[in-house]
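Content type mmCIF, C-alpha atoms and all ligand atoms, from the file work11.cif:
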```
data_coords
#
loop_
_atom_site.label_atom_id
_atom_site.label_comp_id
_atom_site.auth_asym_id
_atom_site.auth_seq_id
_atom_site.Cartn_x
_atom_site.Cartn_y
_atom_site.Cartn_z
CA MET A 17 36.96 -43.60 -12.64
CA SER A 18 34.77 -44.81 -15.45
CA PRO A 19 33.28 -42.54 -18.07
CA THR A 20 31.15 -45.41 -19.37
CA SER A 21 29.62 -45.13 -15.92
CA ASP A 22 27.35 -42.60 -17.61
CA GLN A 23 25.50 -45.79 -18.46
CA ALA A 24 26.58 -48.22 -15.74
CA PRO A 25 25.20 -47.57 -12.26
CA GLU A 26 27.44 -50.19 -10.70
CA ALA A 27 30.52 -48.32 -11.96
CA PHE A 28 29.73 -44.79 -10.80
CA THR A 29 32.46 -43.15 -8.80
CA ALA A 30 32.60 -39.86 -6.97
CA GLU A 31 35.68 -39.02 -9.09
CA TRP A 32 33.81 -39.41 -12.38
CA LEU A 33 30.85 -37.41 -11.09
CA ALA A 34 33.20 -34.66 -9.88
CA LEU A 35 35.00 -34.58 -13.22
CA ARG A 36 31.75 -33.96 -15.09
CA GLU A 37 30.08 -31.61 -12.61
CA GLU A 38 31.28 -28.32 -14.11
CA ALA A 39 30.29 -29.33 -17.66
CA ASP A 40 26.97 -30.62 -16.33
CA GLY A 41 26.31 -27.31 -14.60
CA GLN A 42 27.09 -25.37 -17.75
CA ALA A 43 24.92 -27.70 -19.84
CA ARG A 44 21.68 -27.88 -17.83
CA ALA A 45 18.99 -25.72 -19.42
CA THR A 46 17.79 -22.76 -17.35
CA ALA A 47 14.65 -22.29 -19.49
CA PRO A 48 12.59 -24.87 -17.51
CA LEU A 49 13.12 -22.90 -14.31
CA ASP A 50 10.52 -20.21 -15.01
CA PRO A 51 7.64 -22.60 -15.77
CA LEU A 52 8.77 -24.68 -12.82
CA ARG A 53 8.80 -21.69 -10.45
CA THR A 54 5.35 -20.66 -11.71
CA HIS A 55 4.04 -24.15 -11.15
CA LEU A 56 5.50 -24.36 -7.64
CA ALA A 57 4.03 -20.98 -6.69
CA GLN A 58 0.60 -22.03 -7.98
CA ARG A 59 0.94 -25.14 -5.86
CA GLY A 60 1.57 -23.00 -2.80
CA ALA A 61 5.31 -23.64 -2.46
CA GLY A 62 8.17 -21.13 -2.54
CA PRO A 63 8.95 -17.63 -1.27
CA GLY A 64 6.46 -16.48 1.36
CA ARG A 65 4.74 -19.84 1.17
CA ARG A 66 5.53 -23.30 2.47
CA PRO A 67 8.86 -25.00 1.65
CA ILE A 68 9.35 -26.53 -1.79
CA ARG A 69 9.66 -30.30 -1.33
CA ILE A 70 12.00 -31.96 -3.81
CA THR A 71 12.98 -35.61 -4.31
CA ASP A 72 16.21 -36.21 -6.27
CA LEU A 73 16.32 -39.76 -7.64
CA GLY A 74 19.76 -41.25 -8.32
CA CYS A 75 21.34 -38.20 -6.71
CA GLY A 76 24.94 -39.49 -6.86
CA THR A 77 27.06 -36.96 -4.97
CA GLY A 78 24.26 -34.37 -5.27
CA SER A 79 25.26 -32.41 -8.37
CA GLN A 80 21.63 -31.67 -9.27
CA GLY A 81 20.89 -30.28 -5.82
CA ARG A 82 23.99 -28.11 -5.81
CA TRP A 83 22.88 -26.72 -9.16
CA LEU A 84 19.13 -26.38 -8.60
CA ALA A 85 18.74 -25.42 -4.92
CA PRO A 86 20.49 -22.03 -5.30
CA ARG A 87 18.35 -21.27 -8.36
CA LEU A 88 15.05 -21.63 -6.49
CA ALA A 89 13.93 -19.02 -3.97
CA GLY A 90 12.13 -19.82 -0.73
CA PRO A 91 12.71 -22.58 1.82
CA GLN A 92 13.32 -26.06 0.45
CA THR A 93 13.38 -29.59 1.76
CA TRP A 94 15.29 -32.11 -0.33
CA MET A 95 15.03 -35.88 -0.14
CA LEU A 96 18.10 -37.39 -1.80
CA HIS A 97 17.71 -40.94 -3.11
CA ASP A 98 20.44 -43.30 -4.24
CA LEU A 99 21.32 -46.95 -3.81
CA ASP A 100 25.02 -46.19 -3.32
CA PRO A 101 25.64 -45.31 0.35
CA HIS A 102 29.01 -43.66 -0.28
CA LEU A 103 27.66 -41.32 -2.96
CA LEU A 104 24.55 -40.61 -0.89
CA ASN A 105 26.62 -39.57 2.15
CA LEU A 106 28.69 -37.23 0.01
CA ALA A 107 25.50 -35.75 -1.43
CA GLY A 108 24.03 -35.10 2.00
CA ALA A 109 27.23 -33.49 3.28
CA ARG A 110 27.61 -31.26 0.24
CA MET A 111 24.09 -29.90 -0.16
CA PRO A 112 23.80 -26.12 0.12
CA ARG A 113 22.28 -24.96 3.41
CA VAL A 114 20.68 -21.83 1.94
CA CYS A 115 19.13 -20.99 -1.43
CA ALA A 116 18.84 -17.94 -3.71
CA ASP A 117 17.17 -15.61 -1.19
CA GLY A 118 18.95 -16.94 1.90
CA SER A 119 16.09 -19.25 2.88
CA THR A 120 16.94 -22.55 4.52
CA VAL A 121 17.58 -25.72 2.54
CA GLN A 122 17.01 -28.87 4.57
CA THR A 123 18.23 -32.24 3.35
CA ARG A 124 17.41 -35.84 4.14
CA MET A 125 18.94 -38.92 2.59
CA CYS A 126 17.22 -42.10 1.54
CA LEU A 127 19.27 -45.21 0.71
CA ARG A 128 16.85 -46.92 -1.62
CA ASP A 129 16.42 -48.38 -5.07
CA LEU A 130 14.26 -46.09 -7.19
CA ASN A 131 12.31 -49.18 -8.29
CA GLN A 132 10.67 -49.07 -4.88
CA VAL A 133 9.42 -45.48 -5.10
CA THR A 134 5.62 -45.30 -4.93
CA ALA A 135 2.99 -42.57 -5.15
CA ALA A 136 2.67 -42.76 -1.36
CA ASP A 137 6.38 -41.94 -1.02
CA LEU A 138 5.86 -38.86 -3.19
CA ALA A 139 2.64 -37.72 -1.51
CA HIS A 140 4.44 -34.75 0.10
CA THR A 141 6.68 -33.92 -2.86
CA ASP A 142 6.29 -30.96 -5.22
CA LEU A 143 9.09 -31.88 -7.63
CA VAL A 144 10.69 -35.18 -8.57
CA THR A 145 14.01 -34.67 -10.26
CA GLY A 146 16.87 -36.74 -11.65
CA SER A 147 20.05 -35.80 -13.47
CA ALA A 148 22.03 -38.01 -15.86
CA LEU A 149 19.64 -40.77 -14.85
CA LEU A 150 16.82 -41.20 -17.34
CA ASP A 151 18.89 -42.93 -20.06
CA LEU A 152 19.99 -45.57 -17.52
CA LEU A 153 16.44 -46.65 -16.87
CA THR A 154 14.27 -49.29 -18.51
CA ARG A 155 10.78 -48.70 -19.88
CA ASP A 156 9.27 -50.32 -16.80
CA GLN A 157 11.26 -48.09 -14.46
CA VAL A 158 10.21 -44.94 -16.32
CA LEU A 159 6.58 -46.06 -16.37
CA SER A 160 6.66 -46.77 -12.67
CA ILE A 161 8.21 -43.40 -11.75
CA ALA A 162 5.90 -41.52 -14.12
CA ARG A 163 2.77 -43.16 -12.73
CA ALA A 164 3.88 -42.59 -9.13
CA ALA A 165 4.73 -38.92 -9.79
CA ASP A 166 1.50 -38.38 -11.70
CA GLU A 167 -0.64 -39.96 -9.01
CA ALA A 168 1.10 -37.79 -6.42
CA GLY A 169 0.66 -34.68 -8.60
CA CYS A 170 4.39 -33.83 -8.66
CA ALA A 171 6.22 -31.85 -11.31
CA VAL A 172 9.08 -33.86 -12.85
CA LEU A 173 12.41 -32.53 -14.10
CA PHE A 174 14.91 -34.90 -15.70
CA THR A 175 18.12 -33.19 -16.79
CA LEU A 176 21.07 -34.32 -18.92
CA THR A 177 19.56 -37.27 -20.73
CA VAL A 178 21.75 -38.37 -23.64
CA THR A 179 20.24 -38.03 -27.11
CA GLY A 180 22.74 -40.31 -28.87
CA ARG A 181 24.10 -37.49 -30.99
CA VAL A 182 27.74 -36.47 -30.70
CA ASP A 183 29.52 -33.91 -32.91
CA LEU A 184 33.29 -34.00 -32.96
CA TYR A 185 35.40 -31.29 -34.55
CA PRO A 186 37.41 -32.19 -36.53
CA ALA A 187 35.25 -35.06 -37.73
CA HIS A 188 36.72 -38.50 -38.52
CA PRO A 189 35.32 -41.18 -40.90
CA ALA A 190 35.02 -43.62 -37.96
CA ASP A 191 32.81 -41.28 -35.90
CA ALA A 192 29.44 -42.49 -37.18
CA SER A 193 30.07 -46.18 -36.59
CA ILE A 194 31.55 -45.46 -33.15
CA THR A 195 28.43 -43.45 -32.25
CA ASP A 196 26.12 -46.24 -33.47
CA ALA A 197 28.00 -48.84 -31.44
CA PHE A 198 28.14 -46.59 -28.37
CA ASN A 199 24.38 -45.99 -28.57
CA ASP A 200 23.74 -49.72 -28.85
CA HIS A 201 25.90 -50.19 -25.77
CA GLN A 202 23.71 -47.71 -23.92
CA ARG A 203 20.63 -49.74 -24.83
CA ARG A 204 22.05 -52.89 -23.28
CA ALA A 205 19.96 -54.83 -20.77
CA GLY A 206 16.79 -53.01 -21.75
CA ARG A 207 18.04 -49.54 -20.83
CA LEU A 208 16.45 -46.73 -22.80
CA GLY A 209 19.72 -44.96 -23.58
CA PRO A 210 19.17 -42.42 -26.37
CA ASP A 211 15.47 -43.39 -26.61
CA ALA A 212 14.78 -42.21 -23.08
CA THR A 213 13.48 -38.71 -23.74
CA ALA A 214 11.10 -39.78 -26.52
CA PHE A 215 9.73 -42.62 -24.42
CA THR A 216 9.34 -40.46 -21.31
CA THR A 217 7.67 -37.68 -23.30
CA ARG A 218 5.12 -40.15 -24.72
CA THR A 219 4.56 -41.63 -21.29
CA PHE A 220 3.82 -38.32 -19.58
CA ARG A 221 1.67 -37.07 -22.46
CA SER A 222 -0.38 -40.25 -22.26
CA LEU A 223 -0.97 -39.33 -18.60
CA GLY A 224 -2.30 -35.95 -19.75
CA ARG A 225 0.79 -33.99 -18.76
CA ARG A 226 2.30 -30.95 -20.37
CA VAL A 227 5.85 -31.92 -21.41
CA LEU A 228 8.55 -29.39 -22.30
CA THR A 229 12.01 -30.38 -23.55
CA TYR A 230 15.17 -28.32 -23.83
CA PRO A 231 18.63 -28.96 -25.31
CA SER A 232 21.43 -29.25 -22.73
CA PRO A 233 24.61 -30.23 -24.59
CA TRP A 234 28.02 -30.69 -23.05
CA ARG A 235 30.36 -28.34 -24.91
CA LEU A 236 33.74 -29.98 -24.41
CA LEU A 237 36.30 -27.30 -25.20
CA PRO A 238 40.09 -27.42 -24.70
CA GLU A 239 39.68 -26.29 -21.08
CA HIS A 240 37.70 -29.48 -20.40
CA ARG A 241 40.74 -31.62 -21.32
CA ASP A 242 40.49 -34.11 -18.41
CA LEU A 243 36.78 -34.70 -18.91
CA THR A 244 37.19 -34.98 -22.69
CA LEU A 245 39.97 -37.56 -22.34
CA ALA A 246 37.99 -39.63 -19.84
CA TRP A 247 34.84 -39.40 -21.95
CA LEU A 248 36.75 -40.39 -25.11
CA ARG A 249 38.29 -43.44 -23.43
CA GLY A 250 34.93 -44.57 -22.12
CA ARG A 251 33.19 -44.00 -25.44
CA LEU A 252 35.73 -46.05 -27.37
CA ARG A 253 35.81 -48.82 -24.79
CA ALA A 254 32.01 -49.10 -24.87
CA ALA A 255 31.94 -49.01 -28.69
CA GLY A 256 34.65 -51.70 -28.75
CA GLU A 257 32.54 -53.91 -26.47
CA GLN A 258 29.81 -53.60 -29.13
CA HIS A 259 32.35 -54.78 -31.74
CA ALA A 260 32.62 -51.47 -33.59
CA GLN A 261 35.29 -51.36 -36.29
CA ILE A 262 37.63 -48.82 -34.70
CA PRO A 263 41.00 -48.02 -36.31
CA ALA A 264 43.80 -49.32 -34.04
CA ASP A 265 45.34 -45.88 -33.49
CA HIS A 266 42.05 -44.00 -33.16
CA LEU A 267 42.17 -43.36 -29.41
CA ARG A 268 45.79 -42.17 -29.66
CA HIS A 269 44.81 -39.92 -32.59
CA ARG A 270 41.92 -38.32 -30.67
CA MET A 271 43.93 -38.00 -27.44
CA ASP A 272 46.74 -36.26 -29.33
CA GLN A 273 44.22 -33.82 -30.80
CA CYS A 274 42.87 -33.20 -27.33
CA GLU A 275 46.35 -32.59 -25.88
CA ARG A 276 47.06 -30.12 -28.73
CA HIS A 277 43.78 -28.29 -27.98
CA GLU A 278 42.54 -29.19 -31.46
CA LEU A 279 39.46 -31.18 -30.45
CA VAL A 280 35.97 -29.94 -29.59
CA ALA A 281 33.07 -32.26 -28.79
CA LEU A 282 29.37 -31.52 -28.52
CA VAL A 283 27.65 -34.28 -26.56
CA HIS A 284 23.95 -33.67 -26.92
CA HIS A 285 21.55 -34.06 -24.01
CA THR A 286 17.95 -33.10 -23.34
CA ASP A 287 16.27 -31.76 -20.21
CA LEU A 288 12.61 -32.65 -19.74
CA LEU A 289 9.98 -30.94 -17.59
CA ALA A 290 6.60 -32.64 -17.13
CA LEU A 291 3.95 -30.56 -15.38
CA PRO A 292 0.60 -31.79 -14.11
CA ASN A 293 -2.45 -30.18 -15.61
CA GLY A 294 -5.08 -28.65 -13.41
CA TYR A 295 -3.21 -25.54 -12.32
CA PRO A 296 -4.01 -22.05 -13.61
CA GLY A 297 -2.00 -21.17 -16.69
CA HIS A 298 -1.56 -24.77 -17.82
CA PRO A 299 -3.40 -25.66 -21.00
C1 LIG B 301 25.13 -40.88 -13.80
S1 LIG B 301 24.91 -40.96 -12.06
C2 LIG B 301 24.18 -39.35 -11.86
C3 LIG B 301 24.36 -38.85 -10.48
C4 LIG B 301 23.81 -37.44 -10.25
N1 LIG B 301 22.39 -37.40 -10.47
C5 LIG B 301 24.52 -36.44 -11.12
O1 LIG B 301 23.88 -35.81 -11.98
O2 LIG B 301 25.74 -36.28 -10.95
C6 LIG B 301 23.49 -42.02 -11.82
C7 LIG B 301 23.16 -42.24 -10.34
O3 LIG B 301 21.97 -43.00 -10.28
C8 LIG B 301 22.11 -43.97 -9.26
N2 LIG B 301 21.22 -45.07 -9.60
C9 LIG B 301 21.24 -45.83 -10.71
N3 LIG B 301 20.26 -46.75 -10.68
C10 LIG B 301 19.61 -46.54 -9.51
C11 LIG B 301 18.49 -47.17 -8.90
N4 LIG B 301 17.87 -48.22 -9.48
N5 LIG B 301 18.06 -46.70 -7.70
C12 LIG B 301 18.68 -45.64 -7.11
N6 LIG B 301 19.75 -45.01 -7.65
C13 LIG B 301 20.20 -45.46 -8.83
C14 LIG B 301 23.58 -44.34 -9.27
O4 LIG B 301 24.00 -44.91 -8.04
C15 LIG B 301 24.22 -42.99 -9.55
O5 LIG B 301 24.51 -42.30 -8.36
#
```
In structure tokens, how does this file's structure come out?
Ligand SMILES: C[S@@+](CC[C@H](N)C(=O)[O-])C[C@H]1O[C@@H](n2cnc3c(N)ncnc32)[C@H](O)[C@@H]1O
Amino acid sequence: MSPTSDQAPEAFTAEWLALREEADGQARATAPLDPLRTHLAQRGAGPGRRPIRITDLGCGTGSQGRWLAPRLAGPQTWMLHDLDPHLLNLAGARMPRVCADGSTVQTRMCLRDLNQVTAADLAHTDLVTGSALLDLLTRDQVLSIARAADEAGCAVLFTLTVTGRVDLYPAHPADASITDAFNDHQRRAGRLGPDATAFTTRTFRSLGRRVLTYPSPWRLLPEHRDLTLAWLRGRLRAAGEQHAQIPADHLRHRMDQCERHELVALVHHTDLLALPNGYPGHP
């Protein structure tokens, strides 16, 4: 398992994704769902209409689908994309078969690099989504996805993008430099890391889209002990790789606090909804 896998596609494991799934589900904002449902209905998809067609990029084991499908009413068809065949198979097997109102959810899997996704691929898609993905991408990848989704007229929902801000209680004097180093680590190899939401917002606005953003922080409380420990280890390892000055006993100190139920962490994320203009009700 690798918590730094939050930033390293090659290191993602089903175990790490499972460990974070509950916190992810509690963190994702529900506020984008109403404008999204309105948009889908205006587009002719949803209850009493044709199925909602959703493409989930970088689906991993399918956490986003398990969260979102039951929250949308009406029949749905999901296309799950990932370049990891093991994760993709798990995602396909674990997708819900019915949604909020008992309508059918159909799922297909696509083993493919998201770099290859074109507007033609999205021609029959109402919503492109991705969870814990955007901060892994480069500017070119975001531009390519945004242009393809815009040309195809799809709504876009990216959830759980890191902002770079972390609040630890109790605070420690080393926190700020660890956060700076960790954020630099996330920007390695041209990845957007904590700059992802700002860049994606600008990109979609330049395409004439309406962009809405919502906070979606992880709230790591004592009951999230295993996730907090894994996240802490990964954060300090990544910061160390960036040559942060970390006190020798810092990990032990934080792990002891966690074991004593004395540590709370807020790991800030943002969810982003980009809607095409041209539908009633959209300015
Ligand atoms: C942090 S995981 C998130 C997984 C899932 N969306 C979730 O929320 O649990 C990122 C996922 O993106 C996939 N991924 C990363 N880069 C990709 C690319 N270029 N093409 C397709 N999938 C990619 C990884 O294999 C991994 O499953």
Report the closest atom pair, with its distance in Å rounded to one decimal, for each residue of chain A that has an atom no farther than 6 Å from ligand LIG 301 (chain B); count all atoms listed in the file, sort by chain and then rising residue number, and write it as a tab-separated table.
```
residue	atom	partner	partner_atom	distance
A:Asp22	CA	B:LIG301	C1	4.7
A:Pro25	CA	B:LIG301	C9	4.6
A:Phe28	CA	B:LIG301	C15	5.9
A:Leu33	CA	B:LIG301	O2	5.2
A:Gly74	CA	B:LIG301	O3	3.4
A:Cys75	CA	B:LIG301	N1	4.0
A:Gly76	CA	B:LIG301	O5	3.2
A:Gly78	CA	B:LIG301	C4	5.9
A:Ser79	CA	B:LIG301	O2	4.7
A:Gln80	CA	B:LIG301	O1	5.4
A:Asp98	CA	B:LIG301	N6	3.9
A:Leu99	CA	B:LIG301	C12	4.4
A:Asp100	CA	B:LIG301	O4	5.0
A:Arg128	CA	B:LIG301	C12	5.9
A:Asp129	CA	B:LIG301	N5	3.5
A:Leu130	CA	B:LIG301	N5	3.9
A:Asn131	CA	B:LIG301	N4	5.8
A:Gly146	CA	B:LIG301	N1	5.7
A:Ser147	CA	B:LIG301	O1	4.1
A:Ala148	CA	B:LIG301	C1	4.7
A:Leu149	CA	B:LIG301	C6	5.1
```
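Among the candidates A:Leu127, A:Val283, A:Leu138, A:Met271, the residue lying nearest to Ile161 in chain A is A:Leu138 (atoms considered: only C-alpha atoms).
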Selection near Ala290 in chain A, 10 Å with all atoms listed in the file, sequence-local residues under 5 positions removed, as a PDB file with C-alpha atoms, in the coordinates of the input:
```
ATOM      1  CA  PRO A  48      12.590 -24.870 -17.510  1.00  0.00           C
ATOM      2  CA  LEU A  52       8.770 -24.680 -12.820  1.00  0.00           C
ATOM      3  CA  LEU A 143       9.090 -31.880  -7.630  1.00  0.00           C
ATOM      4  CA  VAL A 144      10.690 -35.180  -8.570  1.00  0.00           C
ATOM      5  CA  ALA A 162       5.900 -41.520 -14.120  1.00  0.00           C
ATOM      6  CA  ALA A 165       4.730 -38.920  -9.790  1.00  0.00           C
ATOM      7  CA  ASP A 166       1.500 -38.380 -11.700  1.00  0.00           C
ATOM      8  CA  CYS A 170       4.390 -33.830  -8.660  1.00  0.00           C
ATOM      9  CA  ALA A 171       6.220 -31.850 -11.310  1.00  0.00           C
ATOM     10  CA  VAL A 172       9.080 -33.860 -12.850  1.00  0.00           C
ATOM     11  CA  LEU A 173      12.410 -32.530 -14.100  1.00  0.00           C
ATOM     12  CA  PHE A 174      14.910 -34.900 -15.700  1.00  0.00           C
ATOM     13  CA  THR A 216       9.340 -40.460 -21.310  1.00  0.00           C
ATOM     14  CA  THR A 217       7.670 -37.680 -23.300  1.00  0.00           C
ATOM     15  CA  PHE A 220       3.820 -38.320 -19.580  1.00  0.00           C
ATOM     16  CA  ARG A 221       1.670 -37.070 -22.460  1.00  0.00           C
ATOM     17  CA  GLY A 224      -2.300 -35.950 -19.750  1.00  0.00           C
ATOM     18  CA  ARG A 225       0.790 -33.990 -18.760  1.00  0.00           C
ATOM     19  CA  ARG A 226       2.300 -30.950 -20.370  1.00  0.00           C
ATOM     20  CA  VAL A 227       5.850 -31.920 -21.410  1.00  0.00           C
ATOM     21  CA  LEU A 228       8.550 -29.390 -22.300  1.00  0.00           C
ATOM     22  CA  THR A 229      12.010 -30.380 -23.550  1.00  0.00           C
TER      23      THR A 229
END
```
Contacts of Leu236 in chain A within 8 Å, all atoms listed in the file, excl. fewer than 2 positions in-chain, as a VMD selection string: chain A and resid 39 234 238 to 241 243 to 244 280 to 283
Enter the distance from CA of Arg253 in chain A to CA of Ile194 in chain A, in Å, rounded to one decimal. 10.0 Å
Could you check which of A:Arg53, A:Arg87, A:Arg44, A:Arg163 is closest to His284 in chain A, using all atoms listed in the file?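 Smallest separation from His284 in chain A among the options: A:Arg44.
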From the options A:Ala197, A:Val178, A:Ala246, A:Ala205, which residue's atoms come nearest to Ile262 in chain A, counting all atoms listed in the file? A:Ala197
Find the residue from A:Leu96, A:Leu152, A:Ala260, A:Ala45 that sits nearest to Tyr230 in chain A; use only C-alpha atoms when measuring.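 Closest to Tyr230 in chain A of all the choices is A:Ala45.
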Using all atoms listed in the file for the distances, tell me which of A:Ala89, A:Cys274, A:Ala192, A:Ala57 is nearest to Asp142 in chain A.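 Among the listed residues, A:Ala57 lies closest to Asp142 in chain A.
Remark: for Gly256 in chain A, the closest of the candidate residues A:Phe215, A:Trp94, A:Tyr185, A:Phe198 is A:Phe198 (distances computed over only C-alpha atoms).
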Would you pick out the contacts of Arg204 in chain A at 10 Å or less, using all atoms listed in the file, so that residues sharing its chain but fewer than 3 positions from it are not included, and give the list as number ranges by chain? A: 23-24, 152, 154, 199-201, 207-209, 258
Selected residues, C-alpha atoms, written as a compact mmCIF listing (two decimals), in the coordinates of the input, please.
```txt
# COMPACT_ATOMS: atom_id res chain seq x y z
CA GLN A 23 25.50 -45.79 -18.46
CA ALA A 24 26.58 -48.22 -15.74
CA LEU A 152 19.99 -45.57 -17.52
CA THR A 154 14.27 -49.29 -18.51
CA ASN A 199 24.38 -45.99 -28.57
CA ASP A 200 23.74 -49.72 -28.85
CA HIS A 201 25.90 -50.19 -25.77
CA ARG A 207 18.04 -49.54 -20.83
CA LEU A 208 16.45 -46.73 -22.80
CA GLY A 209 19.72 -44.96 -23.58
CA GLN A 258 29.81 -53.60 -29.13
```
Take CA of Pro189 in chain A and CA of Asp265 in chain A and report the distance between them in Å, one decimal. 13.3 Å
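Of note, CA of Asp50 in chain A and CA of Arg124 in chain A are spaced 25.7 Å apart.
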